[in-house]
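Down below is the structure, laid out as structure tokens.
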Amino acid sequence: MKNLYRKYRTVALLLLAYAVPVLTRDPYVLHLANMACIFAILTLSLNILTGFTGQFSVGHAAFYGIGAYTSSLLAVKAGAPVWLGFLAAPVVAAVFGILLGLPTLRLRGFYLGVVTLGFGEIMYQVFVNWISLTNGPKGLTGVPAPRIGSIVLDTYGSYYFLSITLLVLTIVVAYRLLYSRVGRALLAIRENETAAEAMGINSTYYKVMAFCVSAALAGMAGALYAHEIMFVSPESFVNAESVSILSMMVVGGIGSIPGSVVGAITLTLVPEYLRSFGDLRLVVYGLAIVLMVIYSPQGIGGWITRVDQYLSGTAIRKPVRGGVERGAA
Amino acid sequence: MALLETQGLSISFGGVHAVQGVDLQVEKGEIFTIIGPNGAGKTTFFNLVTGYYKANSGRVIFKGDDITHLAPYHRTKKGIGRSFQVLMLFRDMTVLDNAMVGLHCRLKSNLAGALLRTSATVREEAEGREKVRQLLHFVGLDGKEHEMAKNLSYGQQKRLDIARALATDPEILLLDEPAAGLNTQDLASLTDMIQRIRDRGITVLLIEHKMDLVMSISDRIMVLNFGKKIAEGTPDEVRQNEAVIEAYLGKEE
Amino acid sequence: MFVQQVIQGLAIGSVYGLMALGYALMWQAWAVLDFARGEAAMIGAFSILVFHSFFKIPFVAAFPLAIATSAILGYVIQWLAYRPLIGGIPINRLIATLGMGILLRNLARVIYGADPYPFPTVFGDKPVSIGNVLVVPQNVWITAIGFALVVLLRLFLTRTYTGKAMRAAAQDRETAALMGIRVKQSMALTFVLATCLGAIAGLLVAPVYFVRADMGLSIGLRGFASAVLGGLDSVTGAMIGGLLLGVTENLAAGYISSGYQAAIAFSIMILILIFRPQGIMGRRL
Amino acid sequence: MLELKNVHTFYGVVEALRGISLTVNEGEIVTLIGANGAGKTTTLKTITSSVRAASGEIHFDGKRIDRLPEDEIVKMGISLVPEGRRVFPRMTVLENLEMGAYVRRFDRAGILADLKKMYALFPRLEERKNQRAETLSGGEQQMLAIARALMSRPRLLMLDEPSMGLAPLVVKGIFDIIKEINEAGTTVLLVEQNARMALKAANRGYVIRTGEIVKEGDAKSLTEDPAIRAAYLGEKVYGKGEAQ
């Protein structure tokens with residue numbers, strides 16, 4: 001039984017994930033499934049920066065927005081093929097990521113957090129005010145759907161296959177990154193930057209790299225979002241959105257890859273299904289976050305790890321857990 | 001030529017001269033110990049040699065190269081390894097990974113290699129793990145590879161700290177009070193371990209308070225007081241030095 | 001025009017300064033960047049709205065009532081969400097404040113709805129011309145109250161045993177406990193004080209802007225930026241940071257573009273941080 | 001006056017104290033000597049309740065105090081000068097002294113009188129009373145830390161490595177003050193690494209090693225004990241591999 005579980009858990013999960021459009025045809029549900037994928041990618045990208053490397057980002061929605069606008073503008077204003085947008089979005093976001101990562105040379109912890117916060121606010125204002133480019137608060141309409149050969153991914157169901165594929169890709173990137181020399185360097189910086197330097201790790205280089213990778217993934221999520229909704233407006237990239245991503249990471253478990261995915265799915269779906277409760281659902285949401293850090297600081301990821309250990313009868317090879325370096329406070 | 005040399009190394013914090021004009025020459029293959037009262041500037045001196053503090057004046061020379069202005073990680077690459085007085089392990093990483101991080105600067109795989117899992121990367125990882133396992137065996141942490149560092153006993157954590165520093169493949173290893181807080185048994189194995197490290201051809205620069213340990217294994221000793229060198233020599237010479245007795249060992253009246 | 005922009009900037013800046021003081025106090029005593037700080041302003045603004053506009057209590061009486069309400073709420077909040085995390089890792093405290101912010105903001109929305117409420121002017125919004133400069137009395141009042149509070153806070157922190165104990169506990173918790181200072185109590189008091197300062201900031205801007213459930217977001221963000229700008233460990237610095245941000249914002253709006261007001265202010269803040277990471281009045285770490 | 005009975009204290013997984021028993025009688029200077037990490041500081045922290053004892057009992061004036069909160073301990077008359085001085089860096093000298101008197105803050109007259117006493121004992125502090133504590137030299141900070149501890153009018157004054165990082169001459173001055181304080185009626189528990197200085201000042205002493213008391217006796221007999229001379233006074237000729 002346990003061997004069976006160990007062998008097939010990944011395959012089973014993948015099959016289930018890809019089967020969603022078969023299991024339901026409700027466009028609303030499929031749209032939510034797409035959004036869950038998008039937020040899972042965002043949460044994973046934030047986790048690479050904050051969970052693995054210990055660098056705060058309170059302005060992650062900015063990278064998301066940069067990606068969304070890059071790919072939309074290319075398609076709408078320049079008439080470029082959609083897939084070019086999907087390629088350009090992470091690249092442009094990564095450039096901003098590197099720029100934002102550079103202050104890590106001089107700034108630590110919360111001071112860095114402030115810079116990311118300010119960056120988020122600045123980008124939002126740029127989206128709103130650069131009307132000639134972004135169309136301002138009215139937003140950009142007519143963002144085209146991507147096509148594969150003759151198939152146009154213009155339904156939520158068909159688009160979902162793109163979303164889930166990119167999510168799987170992100171998960172693979174996160175795992176490979178984590179279990180590598182680079183990933184160990186990131187974790188070491190999170191755990192203790194002084195000691196990491198003593199091990200010959202150029203911490204600035206790796207911190208900037210984390211910013212770059214994280215921003216690129218968030219930018220990709222942005223492109224995925226823009227072509228799903230077929231419309232972008234600044235309101236999707238306000239600082240409150242950064243806070244949602246942060247919350248998903250916490251509820252999922254800081255540093256946990258499966259936790260990120262489950263956290264993002266949970267916090268995308270649950271508020272939707274509680275819509276009838278109006279604003280009260282967000283009160284509960286806030287309360288849940290507070291209770292989570294007090295009573296279960298390891299988040300959903302912690303539970304997943306335990307269940308997985310139980311089912312597979314193994315100790316997890318490398319639970320990645322913990323928080324931001326102590327000095328951050 | 002000395003392996004490690006400092007010339008007139010000085011630093012002050014807010015008017016206090018923490019290290020003042022210290023000249024030191026450590027020869028290849030010796031165990032060299034720095035002693036002195038608490039607050040005499042020993043750890044500050046280590047931090048100057050490893051690059052965590054920038055000297056106000058003076059130079060640090062390693063293998064004939066002036067490294068005074070190199071960043072800490074760069075000095076590690078050049079072959080200066082260190083342990084910490086206050087344990088600075090990567091607490092939420094496994095023992096194996098802690099040591100693997102130590103190997104960081106001797107491995108080559110980069111981001112692309114990691115994401116694509118190239119065969120070179122996979123091979124390098126496997127070889128690295130083998131090397132690290134040997135080091136963990138060397139410090140006596142066999143079978144603990146998959147424990148979280150924070151779950152080790154204090155003595156084991158101290159050993160992991162040394163294993164991690166050894167993984168950086170140093171030519172000189174700086175040990176900052178490795179014996180502090182160890183029980184008698186751990187202390188005996190530490191003494192033995194330091195000698196075995198030297199036998200591997202690694203020069204050892206030690207800060208230590210436990211006088212019996214210091215006197216038994218050091219080739220030479222430097223005594224710091226108030227950031228200044230007040231004596232240097234073999235254990236016997238230092239023990240009989242008037243200034244040392246006055247400042248540190250204590251004088252009979 | 002320039003002088004007017006500056007005066008207006010000083011008024012809003014002293015509100016930011018009051019918020020910034022709250023951040024600085026929280027930073028020193030709790031070592032946390034408190035994302036729910038802006039909600040203190042919201043609490044203050046709604047309290048005064050309830051007492052003054054709804055219950056028709058005159059402003060002079062509603063003012064202290066509103067502050068008292070905020071103080072009590074502040075104590076409850078820290079007891080519920082912050083105190084359990086004192087010993088934990090910093091990011092958990094930060095996340096708790098994030099959660100608390102969401103909770104409070106939406107609780108206000110549940111109670112009061114999402115629509116903004118107007119608040120009657122109290123200090124007078126008819127401009128008075130002094131020489132050839134037009135001055136709005138309420139701006140003068142806001143600035144004056146802001147400055148008075150900074151002076152009072154400084155006196156409290158340097159002249160009373162309670163204030164000094166708060167500083168001692170913030171500088172070295174362990175040693176403060178050795179002196180017999182009840183550190184947790186002292187921290188709770190700091191929280192309450194920070195909340196009151198935020199509440200005052202909120203009720204000062206209530207007549208100028210509308211009162212709304214999510215007003216804490218923007219005022220909190222600016223208060224935080226001011227605190228960092230001034231240096232998180234300095235009371236005077238926090239106020240200076242607030243004034244600087246307020247004036248810059250207003251000048252940017254007046255001379256460059258009102259749309260980019262915040263973007264310009266934040267760009268300046270980021271630049272200052274890169275060249276002076278410890279803030280204007282802060283100390284090197 | 002103070003009695004520890006079989007006290008065990010843990011830091012996480014590390015058992016820092018493994019059954020410490022010691023007594024301090026009224027009017028004595030007792031010293032606790034040992035190497036770095038032997039458990040000296042932990043012993044003091046356990047007495048002040050900063051760290052809770054896992055088991056064992058601590059009595060002061062016949063009352064059990066190991067379950068009391070920290071401020072109660074101060075009020076009972078136990079005061080600690082912490083290791084590394086730990087003055088409040090960004091408060092003035094005067095404010096630091098006032099913090100020492102925090103538990104009796106309503107006794108304005110008494111505090112004023114005590115301030116005068118402290119300034120008489122440490123004239124340097126009066127000269128610098130309005131300076132921030134961080135601007136003082138190490139020796140001055142040590143004096144401030146001692147004066148601050150005395151401001152609570154303790155009957156038992158505990159000092160954690162007062163000689164740390166100070167010049168021999170300054171250390172001598174500090175030890176003279178400690179004796180003076182003791183002669184004025186305050187009992188002293190002195191933790192030191194500088195064993196010779198400590199034993200010279202003390203009436204009795206305890207030697208602590210890896211969380212255990214390994215020796216106790218009057219200061220004179222400890223000074224003459226060959227094993228102690230070897231381990232802590234650095235006299236014996238050491239043979240290879242004799243590490244204990």
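Ordering of the structure tokens sets the chain letters (A, B, ...); residue numbers start at 1 within each chain; ligands are numbered from 1 in the order shown.
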
Residues of chain B within 6 Å of chain A, only C-alpha atoms counted, as a PyMOL selection string: chain B and resi 72-73+76-77+90+102+105+114-115

Resulting file, chosen residues, all heavy atoms, as an mmCIF file, in the first residue's frame:
```
data_model
loop_
_atom_site.group_PDB
_atom_site.id
_atom_site.type_symbol
_atom_site.label_atom_id
_atom_site.label_comp_id
_atom_site.auth_asym_id
_atom_site.auth_seq_id
_atom_site.Cartn_x
_atom_site.Cartn_y
_atom_site.Cartn_z
ATOM 1 N N PRO B 72 33.983 38.415 2.623
ATOM 2 C CA PRO B 72 34.125 37.152 3.357
ATOM 3 C C PRO B 72 34.016 35.918 2.460
ATOM 4 O O PRO B 72 34.823 34.989 2.575
ATOM 5 C CB PRO B 72 32.970 37.190 4.355
ATOM 6 C CG PRO B 72 32.677 38.626 4.547
ATOM 7 C CD PRO B 72 33.022 39.311 3.260
ATOM 8 N N TYR B 73 33.008 35.900 1.566
ATOM 9 C CA TYR B 73 32.814 34.687 0.767
ATOM 10 C C TYR B 73 34.017 34.424 -0.129
ATOM 11 O O TYR B 73 34.383 33.298 -0.416
ATOM 12 C CB TYR B 73 31.522 34.783 -0.052
ATOM 13 C CG TYR B 73 31.573 35.715 -1.245
ATOM 14 C CD1 TYR B 73 31.979 35.245 -2.484
ATOM 15 C CD2 TYR B 73 31.218 37.061 -1.122
ATOM 16 C CE1 TYR B 73 32.037 36.091 -3.573
ATOM 17 C CE2 TYR B 73 31.265 37.918 -2.201
ATOM 18 C CZ TYR B 73 31.682 37.427 -3.432
ATOM 19 O OH TYR B 73 31.735 38.255 -4.513
ATOM 20 N N THR B 76 36.739 32.755 1.786
ATOM 21 C CA THR B 76 36.467 31.332 1.951
ATOM 22 C C THR B 76 36.934 30.573 0.709
ATOM 23 O O THR B 76 37.547 29.524 0.803
ATOM 24 C CB THR B 76 34.965 31.105 2.172
ATOM 25 O OG1 THR B 76 34.531 31.968 3.214
ATOM 26 C CG2 THR B 76 34.685 29.673 2.542
ATOM 27 N N LYS B 77 36.620 31.129 -0.458
ATOM 28 C CA LYS B 77 37.043 30.492 -1.695
ATOM 29 C C LYS B 77 38.556 30.352 -1.755
ATOM 30 O O LYS B 77 39.089 29.390 -2.280
ATOM 31 C CB LYS B 77 36.580 31.322 -2.897
ATOM 32 C CG LYS B 77 35.199 30.980 -3.359
ATOM 33 C CD LYS B 77 34.847 31.751 -4.619
ATOM 34 C CE LYS B 77 33.345 31.721 -4.827
ATOM 35 N NZ LYS B 77 32.888 32.733 -5.769
ATOM 36 N N PHE B 90 22.706 26.259 9.942
ATOM 37 C CA PHE B 90 21.453 26.463 9.231
ATOM 38 C C PHE B 90 20.459 25.526 9.899
ATOM 39 O O PHE B 90 20.323 24.369 9.540
ATOM 40 C CB PHE B 90 21.649 26.160 7.748
ATOM 41 C CG PHE B 90 22.813 26.906 7.152
ATOM 42 C CD1 PHE B 90 23.879 26.237 6.581
ATOM 43 C CD2 PHE B 90 22.860 28.296 7.211
ATOM 44 C CE1 PHE B 90 24.951 26.933 6.051
ATOM 45 C CE2 PHE B 90 23.927 28.999 6.688
ATOM 46 C CZ PHE B 90 24.984 28.311 6.107
ATOM 47 N N GLY B 102 28.528 23.911 2.868
ATOM 48 C CA GLY B 102 29.950 24.159 3.031
ATOM 49 C C GLY B 102 30.734 23.885 1.752
ATOM 50 O O GLY B 102 31.720 24.536 1.446
ATOM 51 N N CYS B 105 31.340 26.459 -2.468
ATOM 52 C CA CYS B 105 32.298 27.170 -3.315
ATOM 53 C C CYS B 105 33.216 26.207 -4.074
ATOM 54 O O CYS B 105 34.012 26.633 -4.903
ATOM 55 C CB CYS B 105 33.100 28.170 -2.490
ATOM 56 S SG CYS B 105 33.996 27.430 -1.147
ATOM 57 N N ALA B 114 20.760 23.509 -12.617
ATOM 58 C CA ALA B 114 19.810 23.033 -11.614
ATOM 59 C C ALA B 114 18.440 22.822 -12.234
ATOM 60 O O ALA B 114 17.791 21.807 -11.996
ATOM 61 C CB ALA B 114 19.723 24.039 -10.467
ATOM 62 N N LEU B 115 17.993 23.777 -13.058
ATOM 63 C CA LEU B 115 16.647 23.685 -13.616
ATOM 64 C C LEU B 115 16.556 22.594 -14.673
ATOM 65 O O LEU B 115 15.550 21.909 -14.788
ATOM 66 C CB LEU B 115 16.217 25.032 -14.206
ATOM 67 C CG LEU B 115 16.090 26.174 -13.189
ATOM 68 C CD1 LEU B 115 15.534 27.423 -13.848
ATOM 69 C CD2 LEU B 115 15.213 25.770 -12.003
#
```

Interface, chain C side, toward chain D (7 Å; only C-alpha atoms) as a PyMOL selection string: chain C and resi 165+168+171-172+175+177-182

Print the selection's residues with C-alpha atoms to a file, as a PDB file, in the first residue's frame.
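Once everything was written out, this is result34.pdb:
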```pdb
ATOM      1  CA  ALA C 165      10.379  52.063  31.366  1.00  0.00           C
ATOM      2  CA  ALA C 168      14.133  50.697  28.527  1.00  0.00           C
ATOM      3  CA  GLN C 171      16.092  48.895  24.108  1.00  0.00           C
ATOM      4  CA  ASP C 172      16.791  45.735  26.063  1.00  0.00           C
ATOM      5  CA  THR C 175      17.678  43.793  31.202  1.00  0.00           C
ATOM      6  CA  ALA C 177      12.976  42.696  33.228  1.00  0.00           C
ATOM      7  CA  LEU C 178      15.964  42.587  35.593  1.00  0.00           C
ATOM      8  CA  MET C 179      14.986  46.081  36.739  1.00  0.00           C
ATOM      9  CA  GLY C 180      11.570  44.739  37.693  1.00  0.00           C
ATOM     10  CA  ILE C 181       9.843  46.286  34.700  1.00  0.00           C
ATOM     11  CA  ARG C 182       6.916  44.160  33.566  1.00  0.00           C
TER      12      ARG C 182
END
```

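The environment of C:Ala108 within 7 Å, counting only C-alpha atoms and disregarding residues fewer than 4 places along the same chain, consists of Leu104, Tyr112 and Ala213 of chain C.
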
Chain C contacts on chain A, only C-alpha atoms, 6 Å, as a ChimeraX atom specification: /A:115,118,122,279,283,286-287,289-290,293,329

Residue selection dump (all heavy atoms) as a tab-separated table (two decimals), in the first residue's frame:
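Result saved to part_6.tsv:
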```tsv
chain	number	residue	atom	x	y	z
A	115	VAL	N	10.97	48.97	0.45
A	115	VAL	CA	11.29	49.27	-0.95
A	115	VAL	C	10.33	48.51	-1.87
A	115	VAL	O	9.80	49.08	-2.83
A	115	VAL	CB	12.76	48.90	-1.26
A	115	VAL	CG1	13.04	49.02	-2.74
A	115	VAL	CG2	13.68	49.83	-0.49
A	118	GLY	N	6.96	50.18	-1.73
A	118	GLY	CA	6.98	51.42	-2.50
A	118	GLY	C	6.95	51.11	-4.00
A	118	GLY	O	6.23	51.74	-4.76
A	122	ILE	N	4.32	52.40	-6.72
A	122	ILE	CA	4.76	53.17	-7.89
A	122	ILE	C	4.23	52.53	-9.17
A	122	ILE	O	3.68	53.20	-10.04
A	122	ILE	CB	6.30	53.25	-7.93
A	122	ILE	CG1	6.80	54.14	-6.79
A	122	ILE	CG2	6.77	53.82	-9.27
A	122	ILE	CD1	8.29	54.06	-6.56
A	279	ASP	N	-18.96	40.82	3.08
A	279	ASP	CA	-17.65	41.21	3.61
A	279	ASP	C	-17.23	40.39	4.82
A	279	ASP	O	-16.07	40.34	5.18
A	279	ASP	CB	-17.66	42.69	3.98
A	279	ASP	CG	-17.75	43.56	2.73
A	279	ASP	OD1	-17.07	43.23	1.75
A	279	ASP	OD2	-18.51	44.54	2.75
A	283	VAL	N	-13.55	39.04	6.92
A	283	VAL	CA	-13.25	39.11	8.35
A	283	VAL	C	-12.74	37.75	8.81
A	283	VAL	O	-11.72	37.63	9.49
A	283	VAL	CB	-14.50	39.52	9.15
A	283	VAL	CG1	-14.20	39.51	10.65
A	283	VAL	CG2	-14.99	40.89	8.71
A	286	GLY	N	-9.26	37.13	7.53
A	286	GLY	CA	-8.24	37.79	8.36
A	286	GLY	C	-8.02	37.03	9.65
A	286	GLY	O	-6.89	36.76	10.06
A	287	LEU	N	-9.13	36.64	10.28
A	287	LEU	CA	-9.05	35.91	11.53
A	287	LEU	C	-8.31	34.59	11.33
A	287	LEU	O	-7.46	34.19	12.14
A	287	LEU	CB	-10.47	35.65	12.06
A	287	LEU	CG	-10.56	35.03	13.45
A	287	LEU	CD1	-10.04	36.02	14.49
A	287	LEU	CD2	-11.99	34.63	13.77
A	289	ILE	N	-6.03	33.89	9.22
A	289	ILE	CA	-4.58	34.10	9.09
A	289	ILE	C	-3.95	34.29	10.47
A	289	ILE	O	-2.92	33.70	10.80
A	289	ILE	CB	-4.32	35.33	8.20
A	289	ILE	CG1	-4.72	35.01	6.76
A	289	ILE	CG2	-2.86	35.73	8.26
A	289	ILE	CD1	-4.65	36.18	5.83
A	290	VAL	N	-4.62	35.10	11.31
A	290	VAL	CA	-4.08	35.34	12.65
A	290	VAL	C	-4.00	34.02	13.43
A	290	VAL	O	-2.98	33.68	14.02
A	290	VAL	CB	-4.95	36.35	13.42
A	290	VAL	CG1	-4.49	36.48	14.85
A	290	VAL	CG2	-4.91	37.70	12.73
A	293	VAL	N	-1.11	31.67	12.18
A	293	VAL	CA	0.27	31.90	12.63
A	293	VAL	C	0.42	31.62	14.11
A	293	VAL	O	1.50	31.25	14.57
A	293	VAL	CB	0.81	33.32	12.35
A	293	VAL	CG1	1.16	33.48	10.91
A	293	VAL	CG2	-0.09	34.41	12.82
A	329	ALA	N	13.83	41.02	12.00
A	329	ALA	CA	12.90	41.76	12.85
A	329	ALA	C	13.49	43.09	13.26
A	329	ALA	O	14.53	43.16	13.81
A	329	ALA	CB	12.59	40.96	14.09
```

Test item: residues at most 9 Å from B:Leu70, only C-alpha atoms, excluding those fewer than 5 positions along its chain, as a PyMOL selection string: chain B and resi 50-51+75

Contact residues around A:Ala240 with only C-alpha atoms at 12 Å, ignoring same-chain residues under 2 positions, as an MDAnalysis selection string: (chainID A and resid 58:62 117 120:121 124 234:238 242:247) or (chainID C and resid 35 98:99 101:102 105 214 216:218 221)

With N, CA and C atoms retained, write the just-selected residues as a PDB file, in the first residue's frame.
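Final output, saved to selection18.pdb:
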```
ATOM      1  N   VAL A  58       6.711  42.809  -0.317  1.00  0.00           N
ATOM      2  CA  VAL A  58       5.342  43.194  -0.016  1.00  0.00           C
ATOM      3  C   VAL A  58       4.761  43.919  -1.226  1.00  0.00           C
ATOM      4  N   GLY A  59       5.401  43.725  -2.375  1.00  0.00           N
ATOM      5  CA  GLY A  59       4.902  44.391  -3.565  1.00  0.00           C
ATOM      6  C   GLY A  59       4.869  43.446  -4.750  1.00  0.00           C
ATOM      7  N   HIS A  60       4.587  42.167  -4.448  1.00  0.00           N
ATOM      8  CA  HIS A  60       4.716  41.170  -5.489  1.00  0.00           C
ATOM      9  C   HIS A  60       3.735  41.378  -6.634  1.00  0.00           C
ATOM     10  N   ALA A  61       2.590  42.007  -6.344  1.00  0.00           N
ATOM     11  CA  ALA A  61       1.599  42.229  -7.400  1.00  0.00           C
ATOM     12  C   ALA A  61       2.170  43.085  -8.521  1.00  0.00           C
ATOM     13  N   ALA A  62       3.210  43.857  -8.217  1.00  0.00           N
ATOM     14  CA  ALA A  62       3.802  44.699  -9.254  1.00  0.00           C
ATOM     15  C   ALA A  62       4.385  43.847 -10.383  1.00  0.00           C
ATOM     16  N   LEU A 117       7.363  47.471  -1.132  1.00  0.00           N
ATOM     17  CA  LEU A 117       6.051  48.090  -0.943  1.00  0.00           C
ATOM     18  C   LEU A 117       5.939  49.348  -1.795  1.00  0.00           C
ATOM     19  N   GLY A 120       5.621  48.509  -5.429  1.00  0.00           N
ATOM     20  CA  GLY A 120       4.256  48.113  -5.767  1.00  0.00           C
ATOM     21  C   GLY A 120       3.371  49.327  -5.991  1.00  0.00           C
ATOM     22  N   GLU A 121       3.495  50.285  -5.092  1.00  0.00           N
ATOM     23  CA  GLU A 121       2.671  51.484  -5.182  1.00  0.00           C
ATOM     24  C   GLU A 121       3.023  52.293  -6.441  1.00  0.00           C
ATOM     25  N   TYR A 124       1.679  50.627  -9.567  1.00  0.00           N
ATOM     26  CA  TYR A 124       0.237  50.813  -9.657  1.00  0.00           C
ATOM     27  C   TYR A 124      -0.079  52.194 -10.246  1.00  0.00           C
ATOM     28  N   PRO A 234      -5.620  48.385 -13.812  1.00  0.00           N
ATOM     29  CA  PRO A 234      -4.708  48.533 -12.675  1.00  0.00           C
ATOM     30  C   PRO A 234      -5.247  47.909 -11.386  1.00  0.00           C
ATOM     31  N   GLU A 235      -6.569  47.843 -11.256  1.00  0.00           N
ATOM     32  CA  GLU A 235      -7.153  47.378  -9.985  1.00  0.00           C
ATOM     33  C   GLU A 235      -6.731  45.955  -9.623  1.00  0.00           C
ATOM     34  N   SER A 236      -6.321  45.178 -10.641  1.00  0.00           N
ATOM     35  CA  SER A 236      -5.918  43.799 -10.335  1.00  0.00           C
ATOM     36  C   SER A 236      -4.536  43.739  -9.705  1.00  0.00           C
ATOM     37  N   PHE A 237      -3.830  44.879  -9.678  1.00  0.00           N
ATOM     38  CA  PHE A 237      -2.430  44.830  -9.235  1.00  0.00           C
ATOM     39  C   PHE A 237      -2.159  45.819  -8.101  1.00  0.00           C
ATOM     40  N   VAL A 238      -3.191  46.065  -7.288  1.00  0.00           N
ATOM     41  CA  VAL A 238      -3.000  46.966  -6.140  1.00  0.00           C
ATOM     42  C   VAL A 238      -2.215  46.248  -5.055  1.00  0.00           C
ATOM     43  N   SER A 242      -0.965  42.093  -3.391  1.00  0.00           N
ATOM     44  CA  SER A 242       0.289  41.569  -2.846  1.00  0.00           C
ATOM     45  C   SER A 242       0.047  40.926  -1.492  1.00  0.00           C
ATOM     46  N   VAL A 243      -0.794  41.582  -0.706  1.00  0.00           N
ATOM     47  CA  VAL A 243      -1.100  41.041   0.615  1.00  0.00           C
ATOM     48  C   VAL A 243      -1.823  39.708   0.497  1.00  0.00           C
ATOM     49  N   SER A 244      -2.733  39.579  -0.508  1.00  0.00           N
ATOM     50  CA  SER A 244      -3.403  38.277  -0.687  1.00  0.00           C
ATOM     51  C   SER A 244      -2.389  37.196  -0.992  1.00  0.00           C
ATOM     52  N   ILE A 245      -1.437  37.507  -1.877  1.00  0.00           N
ATOM     53  CA  ILE A 245      -0.446  36.495  -2.240  1.00  0.00           C
ATOM     54  C   ILE A 245       0.348  36.091  -1.004  1.00  0.00           C
ATOM     55  N   LEU A 246       0.716  37.105  -0.225  1.00  0.00           N
ATOM     56  CA  LEU A 246       1.446  36.849   1.019  1.00  0.00           C
ATOM     57  C   LEU A 246       0.624  35.944   1.940  1.00  0.00           C
ATOM     58  N   SER A 247      -0.679  36.228   2.023  1.00  0.00           N
ATOM     59  CA  SER A 247      -1.538  35.418   2.888  1.00  0.00           C
ATOM     60  C   SER A 247      -1.592  33.972   2.398  1.00  0.00           C
TER      61      SER A 247
ATOM     62  N   PHE C  35       1.406  45.969   9.987  1.00  0.00           N
ATOM     63  CA  PHE C  35       0.571  46.265   8.833  1.00  0.00           C
ATOM     64  C   PHE C  35      -0.853  46.655   9.210  1.00  0.00           C
ATOM     65  N   LEU C  98      -0.732  41.498   9.319  1.00  0.00           N
ATOM     66  CA  LEU C  98      -1.416  41.503   8.022  1.00  0.00           C
ATOM     67  C   LEU C  98      -2.846  40.983   8.170  1.00  0.00           C
ATOM     68  N   GLY C  99      -2.965  39.840   8.849  1.00  0.00           N
ATOM     69  CA  GLY C  99      -4.271  39.231   9.062  1.00  0.00           C
ATOM     70  C   GLY C  99      -5.176  40.154   9.852  1.00  0.00           C
ATOM     71  N   GLY C 101      -5.031  43.343  10.013  1.00  0.00           N
ATOM     72  CA  GLY C 101      -5.423  44.463   9.157  1.00  0.00           C
ATOM     73  C   GLY C 101      -6.630  44.092   8.300  1.00  0.00           C
ATOM     74  N   ILE C 102      -6.565  42.918   7.684  1.00  0.00           N
ATOM     75  CA  ILE C 102      -7.667  42.467   6.836  1.00  0.00           C
ATOM     76  C   ILE C 102      -8.942  42.332   7.665  1.00  0.00           C
ATOM     77  N   ARG C 105     -10.300  45.876   8.770  1.00  0.00           N
ATOM     78  CA  ARG C 105     -10.801  46.635   7.637  1.00  0.00           C
ATOM     79  C   ARG C 105     -12.179  46.122   7.212  1.00  0.00           C
ATOM     80  N   ASP C 214     -11.668  51.424   4.271  1.00  0.00           N
ATOM     81  CA  ASP C 214     -10.309  51.075   3.850  1.00  0.00           C
ATOM     82  C   ASP C 214      -9.384  52.297   3.859  1.00  0.00           C
ATOM     83  N   GLY C 216      -7.514  53.138   6.116  1.00  0.00           N
ATOM     84  CA  GLY C 216      -6.263  52.787   6.780  1.00  0.00           C
ATOM     85  C   GLY C 216      -5.159  52.382   5.813  1.00  0.00           C
ATOM     86  N   LEU C 217      -5.561  51.845   4.658  1.00  0.00           N
ATOM     87  CA  LEU C 217      -4.560  51.356   3.714  1.00  0.00           C
ATOM     88  C   LEU C 217      -3.625  52.467   3.271  1.00  0.00           C
ATOM     89  N   SER C 218      -4.211  53.552   2.754  1.00  0.00           N
ATOM     90  CA  SER C 218      -3.336  54.572   2.188  1.00  0.00           C
ATOM     91  C   SER C 218      -2.647  55.376   3.281  1.00  0.00           C
ATOM     92  N   LEU C 221       0.094  53.208   4.800  1.00  0.00           N
ATOM     93  CA  LEU C 221       1.240  53.086   3.895  1.00  0.00           C
ATOM     94  C   LEU C 221       2.114  54.331   3.986  1.00  0.00           C
TER      95      LEU C 221
END
```

Stretch 127-137 of chain B environment, 7 Å, only C-alpha atoms, sequence neighbours closer than 2 positions dropped, as a PyMOL selection string: chain B and resi 99-100+123-125+139-142+163+167

Nearest-residue call for chain B, choices D:Lys172, D:Arg155, D:Lys117, D:Lys5, using only C-alpha atoms: D:Lys172

Expected answer as a list in words: strand (DSSP E) residues in stretch 42-179 of chain D: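 Answer for stretch 42-179 of chain D restricted to strand (DSSP E) is Ser55, Gly56, Glu57, Ile58, His59, Phe60, Lys63, Arg64, Ile78, Ser79, Leu80, Val81, Leu156, Leu157, Met158, Leu159 and Asp160 of chain D.
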